[in-house]
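S.K.: Data: upload17.txt, compact mmCIF, C-alpha atoms.
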# COMPACT_ATOMS: atom_id res chain seq x y z
CA MET A 22 -11.73 -53.34 -77.01
CA LYS A 23 -14.59 -51.98 -75.10
CA GLY A 24 -13.94 -49.01 -72.87
CA LYS A 25 -14.65 -49.21 -69.13
CA SER A 26 -17.96 -47.67 -68.37
CA SER A 27 -18.18 -45.22 -65.51
CA GLY A 28 -19.81 -46.48 -62.34
CA PRO A 29 -23.05 -45.30 -61.04
CA SER A 30 -23.01 -41.82 -59.40
CA ARG A 31 -23.02 -41.48 -55.65
CA GLY A 32 -26.46 -41.63 -54.22
CA GLY A 33 -27.89 -44.04 -56.79
CA PRO A 34 -28.83 -43.78 -60.42
CA ARG A 35 -29.94 -40.43 -61.69
CA LYS A 36 -33.45 -40.14 -63.06
CA PRO A 37 -33.83 -39.04 -66.63
CA GLY A 38 -34.01 -35.29 -66.91
CA ALA A 39 -32.83 -34.76 -63.34
CA ALA A 40 -30.28 -32.07 -62.69
CA PRO A 41 -26.89 -32.87 -61.28
CA GLN A 42 -26.77 -33.24 -57.50
CA GLY A 43 -24.74 -30.06 -56.87
CA ARG A 44 -27.25 -28.01 -58.78
CA ALA A 45 -30.15 -29.63 -56.94
CA ARG A 46 -28.77 -28.55 -53.61
CA GLY A 47 -28.31 -24.99 -54.79
CA ALA A 48 -31.83 -24.96 -56.20
CA VAL A 49 -33.26 -26.17 -52.93
CA LYS A 50 -31.45 -23.41 -51.04
CA ALA A 51 -32.69 -20.83 -53.48
CA ALA A 52 -36.23 -22.12 -53.18
CA ARG A 53 -36.10 -21.94 -49.44
CA ALA A 54 -34.81 -18.40 -49.59
CA ARG A 55 -37.73 -17.43 -51.82
CA LYS A 56 -40.32 -18.79 -49.39
CA PRO A 57 -41.78 -15.90 -47.42
CA ASP A 58 -42.75 -18.12 -44.49
CA ALA A 59 -39.42 -19.79 -44.06
CA PRO A 60 -37.91 -19.09 -40.62
CA LYS A 61 -34.53 -17.37 -40.60
CA PRO A 62 -31.68 -19.48 -39.29
CA ALA A 63 -30.56 -18.44 -35.79
CA PRO A 64 -27.06 -16.93 -35.61
CA LYS A 65 -24.41 -18.89 -33.80
CA ALA A 66 -23.90 -16.24 -31.12
CA ALA A 67 -26.08 -13.22 -30.50
CA ALA A 68 -24.15 -9.93 -30.21
CA LYS A 69 -24.33 -8.22 -26.82
CA ALA A 70 -26.35 -5.04 -26.77
CA ALA A 71 -24.33 -1.93 -25.94
CA PRO A 72 -25.17 -0.59 -22.47
CA ALA A 73 -27.38 2.42 -22.49
CA LYS A 74 -25.64 5.64 -21.51
CA ALA A 75 -26.47 6.48 -17.94
CA SER A 76 -28.41 9.64 -17.52
CA PRO A 77 -26.89 12.02 -14.98
CA ALA A 78 -28.50 12.30 -11.60
CA LYS A 79 -30.03 15.57 -10.60
CA GLY A 80 -27.33 18.18 -10.22
CA VAL A 81 -24.60 15.83 -11.53
CA SER A 82 -22.69 16.43 -14.77
CA LEU A 83 -21.12 13.65 -16.82
CA ASP A 84 -18.55 16.04 -18.27
CA VAL A 85 -15.09 16.81 -16.91
CA ARG A 86 -15.31 19.90 -14.73
CA GLN A 87 -12.81 22.59 -13.80
CA PHE A 88 -12.94 24.49 -10.52
CA ARG A 89 -10.84 27.39 -9.27
CA VAL A 90 -9.72 27.39 -5.63
CA GLY A 91 -11.06 30.43 -3.77
CA ALA A 92 -9.47 32.44 -0.99
CA ASP A 93 -11.55 30.72 1.70
CA ASP A 94 -10.12 27.33 0.68
CA ASP A 95 -6.46 28.36 0.58
CA GLY A 96 -4.32 25.75 2.33
CA ILE A 97 -6.98 23.08 2.97
CA ARG A 98 -6.66 19.41 1.98
CA LEU A 99 -8.10 18.33 -1.34
CA ASP A 100 -10.49 15.83 0.27
CA ARG A 101 -11.72 18.61 2.55
CA TRP A 102 -12.33 20.76 -0.54
CA PHE A 103 -14.62 18.01 -1.91
CA GLN A 104 -16.50 17.87 1.40
CA ARG A 105 -17.18 21.58 1.18
CA HIS A 106 -18.07 21.96 -2.49
CA LEU A 107 -19.00 18.50 -3.83
CA PRO A 108 -20.34 16.64 -0.78
CA ASP A 109 -22.14 14.06 -2.97
CA ILE A 110 -18.76 12.67 -4.06
CA GLY A 111 -17.48 10.27 -1.39
CA PHE A 112 -13.92 9.87 -0.19
CA ASN A 113 -13.57 6.44 -1.83
CA THR A 114 -14.44 7.93 -5.21
CA VAL A 115 -11.94 10.75 -4.76
CA SER A 116 -9.25 8.22 -3.78
CA ARG A 117 -9.96 6.08 -6.84
CA TRP A 118 -9.77 9.11 -9.13
CA ALA A 119 -6.42 9.98 -7.55
CA ARG A 120 -5.03 6.44 -7.98
CA THR A 121 -6.03 6.32 -11.65
CA GLY A 122 -4.65 9.79 -12.41
CA GLN A 123 -8.02 11.33 -13.21
CA LEU A 124 -7.87 13.87 -10.39
CA ARG A 125 -5.50 16.73 -11.19
CA VAL A 126 -4.52 20.11 -9.75
CA ASP A 127 -3.00 22.56 -12.23
CA GLY A 128 -2.56 19.65 -14.61
CA ALA A 129 -0.55 17.49 -12.20
CA ARG A 130 -1.76 14.31 -10.55
CA ALA A 131 -3.06 14.95 -7.04
CA ALA A 132 -3.77 12.91 -3.90
CA PRO A 133 -6.63 13.44 -1.42
CA GLY A 134 -4.19 14.62 1.26
CA ASP A 135 -2.56 17.29 -0.91
CA ARG A 136 -3.22 20.88 0.09
CA VAL A 137 -4.57 23.34 -2.45
CA ALA A 138 -3.79 27.02 -2.83
CA GLU A 139 -5.88 29.97 -3.92
CA GLY A 140 -6.07 30.28 -7.70
CA GLN A 141 -5.22 26.65 -8.50
CA ALA A 142 -7.38 24.76 -11.01
CA ILE A 143 -8.91 21.45 -9.91
CA ARG A 144 -9.87 18.99 -12.64
CA VAL A 145 -12.77 16.83 -11.52
CA PRO A 146 -13.63 13.72 -13.61
CA PRO A 147 -17.18 13.01 -14.77
CA ALA A 148 -19.35 12.34 -11.77
CA GLU A 149 -20.72 8.86 -11.29
CA PRO A 150 -24.50 8.84 -10.86
CA LYS A 151 -25.42 7.50 -7.46
CA ALA A 152 -28.23 5.09 -6.81
CA ALA A 153 -31.37 6.79 -5.68
CA GLU A 154 -31.36 7.07 -1.90
CA ARG A 155 -34.29 7.26 0.38
CA ALA A 156 -35.06 10.91 0.83
CA ARG A 157 -34.44 12.02 4.37
CA PRO A 158 -36.16 15.07 5.77
CA LYS A 159 -33.80 18.03 5.77
CA ARG A 160 -33.30 19.60 9.15
CA VAL A 161 -34.49 23.15 9.04
CA ARG A 162 -33.33 25.63 11.64
CA PRO A 163 -36.15 27.69 13.12
CA GLU A 164 -36.24 31.26 11.91
CA LEU A 165 -35.06 33.73 14.51
CA THR A 166 -37.38 36.35 15.89
CA ASP A 167 -36.51 40.04 15.84
CA ASP A 168 -35.83 39.90 19.57
CA GLN A 169 -33.42 36.98 19.13
CA VAL A 170 -31.57 38.78 16.33
CA ALA A 171 -31.29 41.93 18.42
CA PHE A 172 -30.08 39.93 21.44
CA ALA A 173 -27.42 38.06 19.46
CA GLN A 174 -26.08 41.24 17.87
CA SER A 175 -25.99 43.02 21.23
CA LEU A 176 -23.42 40.44 22.41
CA VAL A 177 -20.85 41.38 19.74
CA ILE A 178 -17.78 43.18 21.12
CA HIS A 179 -15.52 42.78 18.07
CA ARG A 180 -16.17 42.30 14.36
CA ASP A 181 -13.96 42.28 11.27
CA ALA A 182 -13.97 40.54 7.88
CA GLN A 183 -12.86 37.20 9.35
CA ALA A 184 -13.85 37.10 13.03
CA ILE A 185 -16.50 38.00 15.55
CA VAL A 186 -16.05 38.00 19.31
CA ILE A 187 -19.09 37.98 21.56
CA ASN A 188 -19.36 38.44 25.31
CA LYS A 189 -21.34 35.32 26.21
CA PRO A 190 -23.57 35.78 29.26
CA PRO A 191 -23.65 33.12 31.99
CA GLY A 192 -26.45 30.58 31.58
CA LEU A 193 -26.32 30.56 27.75
CA ALA A 194 -24.89 27.32 26.35
CA THR A 195 -22.45 27.40 23.44
CA GLN A 196 -24.09 24.46 21.68
CA GLY A 197 -27.34 22.58 22.01
CA GLY A 198 -27.88 19.26 23.77
CA THR A 199 -30.39 17.33 25.82
CA LYS A 200 -33.00 19.75 27.14
CA THR A 201 -30.92 22.69 25.82
CA ASP A 202 -32.79 24.79 23.29
CA ASP A 203 -31.19 28.21 23.81
CA HIS A 204 -27.55 28.34 22.74
CA VAL A 205 -25.06 30.43 20.77
CA ASP A 206 -25.02 28.00 17.85
CA GLY A 207 -28.74 28.59 17.35
CA LEU A 208 -28.17 32.35 17.12
CA LEU A 209 -25.42 32.34 14.50
CA ASP A 210 -27.81 33.21 11.65
CA ALA A 211 -28.20 36.61 13.28
CA LEU A 212 -24.46 37.25 12.98
CA GLU A 213 -24.04 37.03 9.21
CA PHE A 214 -24.21 40.82 8.83
CA GLU A 215 -22.94 41.81 5.35
CA LEU A 216 -21.61 38.32 4.48
CA ASP A 217 -23.91 35.76 2.94
CA GLN A 218 -22.60 32.82 4.96
CA ARG A 219 -23.27 31.47 8.41
CA PRO A 220 -20.50 32.00 10.98
CA LYS A 221 -18.86 28.97 12.64
CA LEU A 222 -17.93 28.16 16.23
CA VAL A 223 -14.24 27.33 16.73
CA HIS A 224 -14.12 26.80 20.52
CA ARG A 225 -16.50 26.58 23.47
CA LEU A 226 -17.27 28.00 26.88
CA ASP A 227 -19.19 26.16 29.59
CA LYS A 228 -22.82 27.15 29.97
CA ASP A 229 -22.23 28.92 33.31
CA THR A 230 -18.93 30.51 32.21
CA SER A 231 -19.20 34.02 30.78
CA GLY A 232 -16.90 36.02 28.56
CA ALA A 233 -15.08 36.23 25.24
CA LEU A 234 -16.08 33.65 22.63
CA LEU A 235 -14.45 33.75 19.18
CA ILE A 236 -16.57 32.96 16.10
CA ALA A 237 -15.18 32.56 12.57
CA ARG A 238 -17.00 34.35 9.74
CA THR A 239 -15.61 32.34 6.79
CA ALA A 240 -14.50 28.78 6.09
CA ARG A 241 -10.91 29.96 5.69
CA SER A 242 -10.82 31.74 9.03
CA ALA A 243 -12.54 28.79 10.73
CA ALA A 244 -9.73 26.47 9.61
CA PHE A 245 -7.11 29.04 10.62
CA PHE A 246 -8.53 29.64 14.11
CA ALA A 247 -9.19 25.94 14.71
CA LYS A 248 -5.52 25.25 14.03
CA ALA A 249 -4.52 28.07 16.41
CA PHE A 250 -6.58 26.55 19.23
CA SER A 251 -5.40 22.98 18.57
CA SER A 252 -1.74 24.06 18.46
CA ARG A 253 -2.19 26.20 21.61
CA THR A 254 -0.95 29.42 19.98
CA ALA A 255 -4.18 31.15 20.97
CA ARG A 256 -4.06 32.66 24.46
CA LYS A 257 -7.08 32.69 26.77
CA VAL A 258 -7.13 34.53 30.10
CA TYR A 259 -9.87 33.89 32.68
CA TRP A 260 -10.81 35.67 35.87
CA ALA A 261 -12.21 33.73 38.82
CA ILE A 262 -13.03 34.19 42.47
CA VAL A 263 -11.98 31.12 44.44
CA MET A 264 -12.58 29.90 47.95
CA GLY A 265 -9.65 30.56 50.25
CA VAL A 266 -6.22 31.83 49.16
CA PRO A 267 -3.57 29.64 47.46
CA SER A 268 -0.30 29.55 49.39
CA ILE A 269 1.68 29.99 46.15
CA GLU A 270 0.72 33.20 44.40
CA ASP A 271 1.93 32.20 40.93
CA GLY A 272 1.66 28.48 40.31
CA MET A 273 1.27 25.81 37.64
CA ILE A 274 -1.17 22.92 38.11
CA GLU A 275 -0.27 19.77 36.19
CA LEU A 276 -2.86 17.08 36.89
CA PRO A 277 -4.24 14.63 34.27
CA ILE A 278 -8.00 14.72 33.73
CA ALA A 279 -10.46 12.03 32.65
CA LYS A 280 -14.22 11.50 32.56
CA GLN A 281 -15.57 10.43 35.91
CA PRO A 282 -17.15 6.96 35.67
CA GLY A 283 -20.88 6.79 36.28
CA THR A 284 -21.58 10.37 35.23
CA GLY A 285 -22.10 9.74 31.52
CA GLY A 286 -19.23 12.07 30.70
CA GLU A 287 -20.96 15.01 32.37
CA LYS A 288 -18.30 15.32 35.05
CA MET A 289 -14.51 15.15 34.98
CA HIS A 290 -11.98 14.28 37.66
CA VAL A 291 -8.24 13.98 38.23
CA ASP A 292 -7.05 10.54 37.14
CA GLU A 293 -3.33 9.87 37.48
CA GLU A 294 -3.51 6.55 35.61
CA GLU A 295 -5.87 7.08 32.68
CA GLY A 296 -6.27 10.86 32.51
CA LEU A 297 -5.04 13.07 29.69
CA PRO A 298 -2.30 15.61 30.47
CA ALA A 299 -3.65 18.99 31.59
CA ARG A 300 -1.80 22.16 32.60
CA SER A 301 -3.25 25.33 34.11
CA ARG A 302 -1.49 28.41 35.41
CA TYR A 303 -2.94 30.64 38.11
CA ARG A 304 -1.87 34.02 39.48
CA VAL A 305 -3.38 35.65 42.55
CA ILE A 306 -4.56 39.19 41.76
CA GLU A 307 -5.94 40.17 45.17
CA ARG A 308 -7.09 38.47 48.35
CA ALA A 309 -9.94 39.13 50.77
CA GLY A 310 -8.23 38.03 53.95
CA ASN A 311 -8.29 34.23 54.04
CA ARG A 312 -11.88 34.10 52.87
CA ALA A 313 -11.47 34.31 49.09
CA ALA A 314 -9.07 35.32 46.34
CA TRP A 315 -9.42 36.88 42.93
CA VAL A 316 -7.21 34.92 40.52
CA GLU A 317 -6.21 34.96 36.89
CA LEU A 318 -6.26 31.56 35.14
CA GLN A 319 -4.57 30.51 31.90
CA PRO A 320 -5.27 27.04 30.44
CA TYR A 321 -2.27 25.60 28.58
CA THR A 322 -4.32 22.60 27.45
CA GLY A 323 -7.98 22.37 26.53
CA ARG A 324 -9.59 19.62 28.59
CA THR A 325 -13.28 19.73 29.47
CA HIS A 326 -13.92 21.71 32.68
CA GLN A 327 -10.15 21.91 33.14
CA LEU A 328 -9.93 25.11 35.21
CA ARG A 329 -12.81 24.09 37.44
CA VAL A 330 -11.38 20.63 38.10
CA HIS A 331 -7.87 21.91 38.75
CA MET A 332 -8.86 24.64 41.20
CA ALA A 333 -11.08 22.23 43.12
CA ALA A 334 -8.27 19.65 43.15
CA ILE A 335 -5.86 22.04 44.95
CA GLY A 336 -8.52 22.92 47.51
CA HIS A 337 -9.68 26.24 46.09
CA PRO A 338 -12.89 25.64 44.10
CA ILE A 339 -14.37 28.47 42.07
CA VAL A 340 -17.08 30.35 43.93
CA GLY A 341 -20.52 29.15 42.78
CA ASP A 342 -19.21 25.91 41.23
CA GLY A 343 -21.25 23.41 43.20
CA LYS A 344 -20.54 20.69 40.62
CA TYR A 345 -16.88 20.42 41.59
CA GLY A 346 -16.74 22.27 44.90
CA GLY A 347 -19.94 21.02 46.51
CA LYS A 348 -21.58 23.09 49.23
CA GLU A 349 -18.16 24.43 50.21
CA ALA A 350 -18.05 26.48 46.98
CA PHE A 351 -20.48 29.17 48.13
CA LEU A 352 -19.84 32.34 50.10
CA SER A 353 -22.40 33.70 52.54
CA GLY A 354 -23.74 37.22 52.57
CA THR A 355 -24.41 39.17 49.39
CA ILE A 356 -22.18 37.09 47.13
CA SER A 357 -24.13 35.58 44.23
CA ARG A 358 -24.50 31.81 44.01
CA LYS A 359 -23.76 31.93 40.27
CA MET A 360 -20.39 30.65 39.10
CA HIS A 361 -17.62 33.25 39.17
CA LEU A 362 -15.58 32.21 36.11
CA HIS A 363 -15.20 34.69 33.25
CA ALA A 364 -13.21 34.53 29.98
CA ARG A 365 -11.68 37.98 30.32
CA ARG A 366 -9.36 38.07 27.31
CA ILE A 367 -8.70 36.21 24.08
CA ARG A 368 -5.65 36.81 21.90
CA VAL A 369 -5.08 34.94 18.66
CA ASP A 370 -3.31 35.56 15.36
CA HIS A 371 -5.51 36.85 12.55
CA PRO A 372 -5.63 35.09 9.13
CA ASP A 373 -5.11 38.46 7.40
CA GLY A 374 -2.17 39.38 9.65
CA ASP A 375 -1.88 41.16 13.00
CA ARG A 376 -3.97 39.78 15.91
CA VAL A 377 -7.39 39.61 17.46
CA ASP A 378 -6.93 40.80 21.06
CA VAL A 379 -10.22 41.44 22.88
CA ARG A 380 -11.29 41.88 26.50
CA ALA A 381 -14.83 41.13 27.68
CA GLU A 382 -16.49 43.09 30.48
CA LEU A 383 -17.67 41.24 33.58
CA PRO A 384 -21.28 40.13 34.07
CA ASP A 385 -23.21 42.00 36.74
CA HIS A 386 -23.03 39.32 39.43
CA PHE A 387 -19.24 38.98 39.11
CA ALA A 388 -18.65 42.74 39.18
CA ALA A 389 -20.92 43.09 42.24
CA SER A 390 -18.98 40.35 44.06
CA LEU A 391 -15.66 42.12 43.42
CA VAL A 392 -17.09 45.27 44.99
CA SER A 393 -18.55 43.34 47.95
CA LEU A 394 -15.20 41.68 48.65
CA GLY A 395 -13.30 44.97 48.36
CA PHE A 396 -11.32 44.16 45.23
CA ASP A 397 -10.03 46.87 42.88
CA ILE A 398 -11.29 46.01 39.40
CA HIS A 399 -8.49 48.03 37.79
CA ALA A 400 -5.89 45.64 39.23
CA GLY A 401 -7.13 42.68 37.25
CA ASP A 402 -5.43 42.88 33.85
CA LEU A 403 -1.99 41.40 34.47
CA PRO A 404 0.44 41.45 31.52
CA LEU A 405 1.25 38.19 29.79
CA ASP A 406 4.83 36.99 30.17
CA GLU A 407 5.76 37.96 26.62
CA GLU A 408 4.35 41.46 27.22
CA VAL A 409 6.68 42.18 30.13
CA ALA A 410 9.76 44.18 29.14
CA ARG A 411 12.69 42.38 30.78
CA LYS A 412 16.41 42.04 30.31
CA PRO A 413 17.32 39.02 28.14
CA THR A 414 18.57 36.08 30.16
CA ARG A 415 21.60 33.95 29.28
CA GLU A 416 19.25 31.34 27.81
CA ASP A 417 17.58 33.98 25.62
CA GLU A 418 20.99 35.05 24.31
CA LYS A 419 21.89 31.44 23.49
CA LYS A 420 18.63 30.96 21.59
CA ALA A 421 19.22 34.15 19.61
CA ALA A 422 22.78 33.06 18.77
CA ARG A 423 21.58 29.65 17.57
CA ALA A 424 18.87 31.25 15.41
CA HIS A 425 21.42 33.65 13.90
CA ALA A 426 23.86 30.82 13.12
CA LYS A 427 21.05 28.85 11.48
CA GLN A 428 20.21 31.77 9.20
CA ILE A 429 23.88 32.09 8.19
CA ARG A 430 24.07 28.36 7.35
CA LYS A 431 20.94 28.65 5.23
CA GLY A 432 22.42 31.60 3.35
CA ARG A 433 25.66 29.73 2.64
CA LYS A 434 23.77 26.68 1.50
CA GLY A 435 21.79 28.84 -0.92
CA GLU A 436 25.03 30.32 -2.29
CA ARG A 437 26.48 26.84 -2.90
CA ARG A 438 23.34 25.80 -4.73
CA ALA A 439 23.48 28.93 -6.88
CA ARG A 440 27.13 28.28 -7.80
CA GLY A 441 26.33 24.65 -8.60
CA SER A 442 23.46 25.57 -10.90
CA THR A 443 25.65 28.18 -12.66
CA GLY A 444 28.41 25.64 -13.24
CA GLY A 445 25.92 23.12 -14.59
CA ALA A 446 24.55 25.67 -17.03
CA LYS A 447 28.06 26.47 -18.28
CA SER A 448 28.99 22.82 -18.83
CA GLY A 449 25.69 22.25 -20.60
CA GLY A 450 26.46 25.15 -22.93
CA GLY A 451 29.86 23.59 -23.71
CA GLN A 452 28.19 20.34 -24.60
CA ARG A 453 25.82 22.13 -26.93
CA ARG A 454 28.77 23.75 -28.77
CA LYS A 455 30.34 20.36 -29.60
Show me the file's structure as structure tokens.
M.R.:
Amino acid sequence: MKGKSSGPSRGGPRKPGAAPQGRARGAVKAARARKPDAPKPAPKAAAKAAPAKASPAKGVSLDVRQFRVGADDDGIRLDRWFQRHLPDIGFNTVSRWARTGQLRVDGARAAPGDRVAEGQAIRVPPAEPKAAERARPKRVRPELTDDQVAFAQSLVIHRDAQAIVINKPPGLATQGGTKTDDHVDGLLDALEFELDQRPKLVHRLDKDTSGALLIARTARSAAFFAKAFSSRTARKVYWAIVMGVPSIEDGMIELPIAKQPGTGGEKMHVDEEEGLPARSRYRVIERAGNRAAWVELQPYTGRTHQLRVHMAAIGHPIVGDGKYGGKEAFLSGTISRKMHLHARRIRVDHPDGDRVDVRAELPDHFAASLVSLGFDIHAGDLPLDEEVARKPTREDEKKAARAHAKQIRKGRKGERRARGSTGGAKSGGGQRRK
């Protein structure tokens, strides 16, 4: 019986001497690989190139940085600290670092609104290089002449490590503006003295108002004094000569003030509907018949031109204040036509303890007017209410009793907490002995 012959191989009959098909394929591949000109097969997917490491911008480090909070920054917000020391880092970046836990103070996560204390360590993440911005010309303050330096320093009536008080003359603006080139702000470079930092203005006086102007010498004292003025704990006492004599010798003026429409904000007026609350106290020091009065003024709020607006509103404009008193604000005879408003005294708490309490001497025209009107200059410094020794009232006694009771409650609460913590420690010890 004949065996069944195998069928022809796939792909047709094999030629004599030909290699098997599997070998042929392998040989072809090997031959192709040996050809120097053969193009390499393209990979299925090209690998993405790793992004090049960004080079840091000028003055920017890509490493984590540690900063120590200095005395001048004690108590300020963390975002304010960045504005002072790393102004190139924007608020949005600081907020993102805080949200992602990269921003830390003494190792703990911090928020932009947290306040920092002297000696704390601030961990700042690697800075992100900013896109190149169009270079803007840096504003350069003109260098002061020797005469300007001497003039600025001659105004100083008080100086310590944190504060300077100058006696600003009338006619010198506090800050610059349209057509105003001479001002106190432009003279601050002359008041650095032994400190290598420019002093800072913390409040203002009108151009034609003379007297005591407080200037902070450090960033820390600037923040401290600014808070004192905004919270109204600083006391300012003004002297003025007014037209006529107020019928009430010691009065309080409470009239809201707003910008007068059509004046571009250059003039204020009493506005019962849209004005901001404003309070001013006045006390008559002396009177020259019914012609004029020498008064002490204390602003309890800080509205623009407040004292001038208030005195004009009650019918007694300040002598020389044509802006608010018109032609009726001038006395005839030898009385100067300059404005008779002077910041006589400033009293404010000091960041290092105690107080700054300074009086500024009168300008020549004001002093001459007092003499012409027969006023006694020694009668001018009236004591503040808290400086008057008086017998405590019933209300004062009630306040003292409430404060004393509050202190007792706090002490008892502290004792209860101490007993609770002691008991917890004892029970914890018992648990450890089990």
S.K.: List the spatial neighbours of Pro404 in chain A as a compact mmCIF listing (two decimals) with C-alpha atoms, keeping the file's coordinate frame - criterion: any atom at most 12 Å away, all atoms listed in the file, same-chain residues fewer than 4 positions off excluded.
M.R.:
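Result file is around-v5.txt:
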# COMPACT_ATOMS: atom_id res chain seq x y z
CA VAL A 258 -7.13 34.53 30.10
CA ARG A 304 -1.87 34.02 39.48
CA ILE A 306 -4.56 39.19 41.76
CA GLU A 317 -6.21 34.96 36.89
CA ARG A 366 -9.36 38.07 27.31
CA ALA A 400 -5.89 45.64 39.23
CA GLU A 408 4.35 41.46 27.22
CA VAL A 409 6.68 42.18 30.13
CA ALA A 410 9.76 44.18 29.14
S.K.: One decimal, in Å: what's the spacing between CA of Pro191 in chain A and CA of His363 in chain A?
M.R.: 8.7 Å
S.K.: Taking only C-alpha atoms into account, name the residue in A:Leu234, A:Asp375, A:Met332, A:Arg256 that is nearest to His179 in chain A.
M.R.: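 Smallest distance to His179 in chain A is found for A:Leu234.
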S.K.: For range 90-106 of chain A, list every protein, DNA or RNA residue within 7 Å, evaluated using all atoms listed in the file, and leave out those in the same chain fewer than 4 positions away; present the list as a PyMOL selection string.
M.R.: chain A and resi 112+133-142+239-241
S.K.: Selection from above, C-alpha atoms, as a JSON list (two decimals), in the frame of the given file, can you write it?
M.R.:
[["chain", "number", "residue", "atom", "x", "y", "z"],
["A", 112, "PHE", "CA", -13.92, 9.87, -0.19],
["A", 133, "PRO", "CA", -6.63, 13.44, -1.42],
["A", 134, "GLY", "CA", -4.19, 14.62, 1.26],
["A", 135, "ASP", "CA", -2.56, 17.29, -0.91],
["A", 136, "ARG", "CA", -3.22, 20.88, 0.09],
["A", 137, "VAL", "CA", -4.57, 23.34, -2.45],
["A", 138, "ALA", "CA", -3.79, 27.02, -2.83],
["A", 139, "GLU", "CA", -5.88, 29.97, -3.92],
["A", 140, "GLY", "CA", -6.07, 30.28, -7.70],
["A", 141, "GLN", "CA", -5.22, 26.65, -8.50],
["A", 142, "ALA", "CA", -7.38, 24.76, -11.01],
["A", 239, "THR", "CA", -15.61, 32.34, 6.79],
["A", 240, "ALA", "CA", -14.50, 28.78, 6.09],
["A", 241, "ARG", "CA", -10.91, 29.96, 5.69]]
S.K.: Closest to Glu349 in chain A among A:Leu394, A:Leu362, A:Val305, A:Met264, using all atoms listed in the file?
M.R.: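 Under the stated criterion, the closest residue is A:Met264.
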S.K.: Report as JSON lines the residues of range 265-376 of chain A within 12 Å of range 205-228 of chain A, each with its shortest atom pair and distance in Å (one decimal), using all atoms listed in the file, ordered by chain and increasing residue number.
M.R.:
{"residue": "A:Glu287", "atom": "CA", "partner": "A:Asp227", "partner_atom": "CA", "distance": 11.6}
{"residue": "A:Gly323", "atom": "CA", "partner": "A:His224", "partner_atom": "CA", "distance": 9.7}
{"residue": "A:Arg324", "atom": "CA", "partner": "A:Arg225", "partner_atom": "CA", "distance": 11.1}
{"residue": "A:Thr325", "atom": "CA", "partner": "A:Asp227", "partner_atom": "CA", "distance": 8.7}
{"residue": "A:His326", "atom": "CA", "partner": "A:Asp227", "partner_atom": "CA", "distance": 7.6}
{"residue": "A:Gln327", "atom": "CA", "partner": "A:Asp227", "partner_atom": "CA", "distance": 10.6}
{"residue": "A:Leu328", "atom": "CA", "partner": "A:Asp227", "partner_atom": "CA", "distance": 10.9}
{"residue": "A:Arg329", "atom": "CA", "partner": "A:Asp227", "partner_atom": "CA", "distance": 10.3}
{"residue": "A:Asp342", "atom": "CA", "partner": "A:Asp227", "partner_atom": "CA", "distance": 11.6}
{"residue": "A:Lys359", "atom": "CA", "partner": "A:Lys228", "partner_atom": "CA", "distance": 11.4}
{"residue": "A:Met360", "atom": "CA", "partner": "A:Lys228", "partner_atom": "CA", "distance": 10.1}
{"residue": "A:Leu362", "atom": "CA", "partner": "A:Asp227", "partner_atom": "CA", "distance": 9.6}
{"residue": "A:His363", "atom": "CA", "partner": "A:Leu226", "partner_atom": "CA", "distance": 9.5}
{"residue": "A:Ala364", "atom": "CA", "partner": "A:Leu226", "partner_atom": "CA", "distance": 8.3}
{"residue": "A:Arg365", "atom": "CA", "partner": "A:Leu226", "partner_atom": "CA", "distance": 11.9}
{"residue": "A:Ile367", "atom": "CA", "partner": "A:His224", "partner_atom": "CA", "distance": 11.4}
S.K.: If you keep C-alpha atoms, can you produce a file of those selected residues as a PDB file, in the frame of the given file?
M.R.:
ATOM      1  CA  GLU A 287     -20.960  15.010  32.370  1.00  0.00           C
ATOM      2  CA  GLY A 323      -7.980  22.370  26.530  1.00  0.00           C
ATOM      3  CA  ARG A 324      -9.590  19.620  28.590  1.00  0.00           C
ATOM      4  CA  THR A 325     -13.280  19.730  29.470  1.00  0.00           C
ATOM      5  CA  HIS A 326     -13.920  21.710  32.680  1.00  0.00           C
ATOM      6  CA  GLN A 327     -10.150  21.910  33.140  1.00  0.00           C
ATOM      7  CA  LEU A 328      -9.930  25.110  35.210  1.00  0.00           C
ATOM      8  CA  ARG A 329     -12.810  24.090  37.440  1.00  0.00           C
ATOM      9  CA  ASP A 342     -19.210  25.910  41.230  1.00  0.00           C
ATOM     10  CA  LYS A 359     -23.760  31.930  40.270  1.00  0.00           C
ATOM     11  CA  MET A 360     -20.390  30.650  39.100  1.00  0.00           C
ATOM     12  CA  LEU A 362     -15.580  32.210  36.110  1.00  0.00           C
ATOM     13  CA  HIS A 363     -15.200  34.690  33.250  1.00  0.00           C
ATOM     14  CA  ALA A 364     -13.210  34.530  29.980  1.00  0.00           C
ATOM     15  CA  ARG A 365     -11.680  37.980  30.320  1.00  0.00           C
ATOM     16  CA  ILE A 367      -8.700  36.210  24.080  1.00  0.00           C
TER      17      ILE A 367
END
S.K.: Using only C-alpha atoms - which residues lie no farther than 9 Å from the point (-15.1, 38.4, 32.7) in the file's frame? Write them as a PyMOL selection string.
M.R.: chain A and resi 188+230-233+259-261+361-366+380-384+387-388
S.K.: Record the distance separating CA of Ile236 in chain A and CA of Ile274 in chain A, expressed in Å with one decimal.
M.R.: 28.7 Å
S.K.: Restricting the calculation to all atoms listed in the file: of A:Ile187, A:Val115, A:Ala299, A:Leu193, which residue gets closest to Tyr321 in chain A?
M.R.: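 Nearest candidate to Tyr321 in chain A out of A:Ile187, A:Val115, A:Ala299, A:Leu193: A:Ala299.
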S.K.: Please provide the set of residues having any atom within 12 Å of Val145 in chain A, restricted to all atoms listed in the file, with same-chain residues fewer than 4 positions apart removed, written as a PyMOL selection string.
M.R.: chain A and resi 81-89+99+102-103+106-107+110+114-115+118-119+122-128+130-131+149
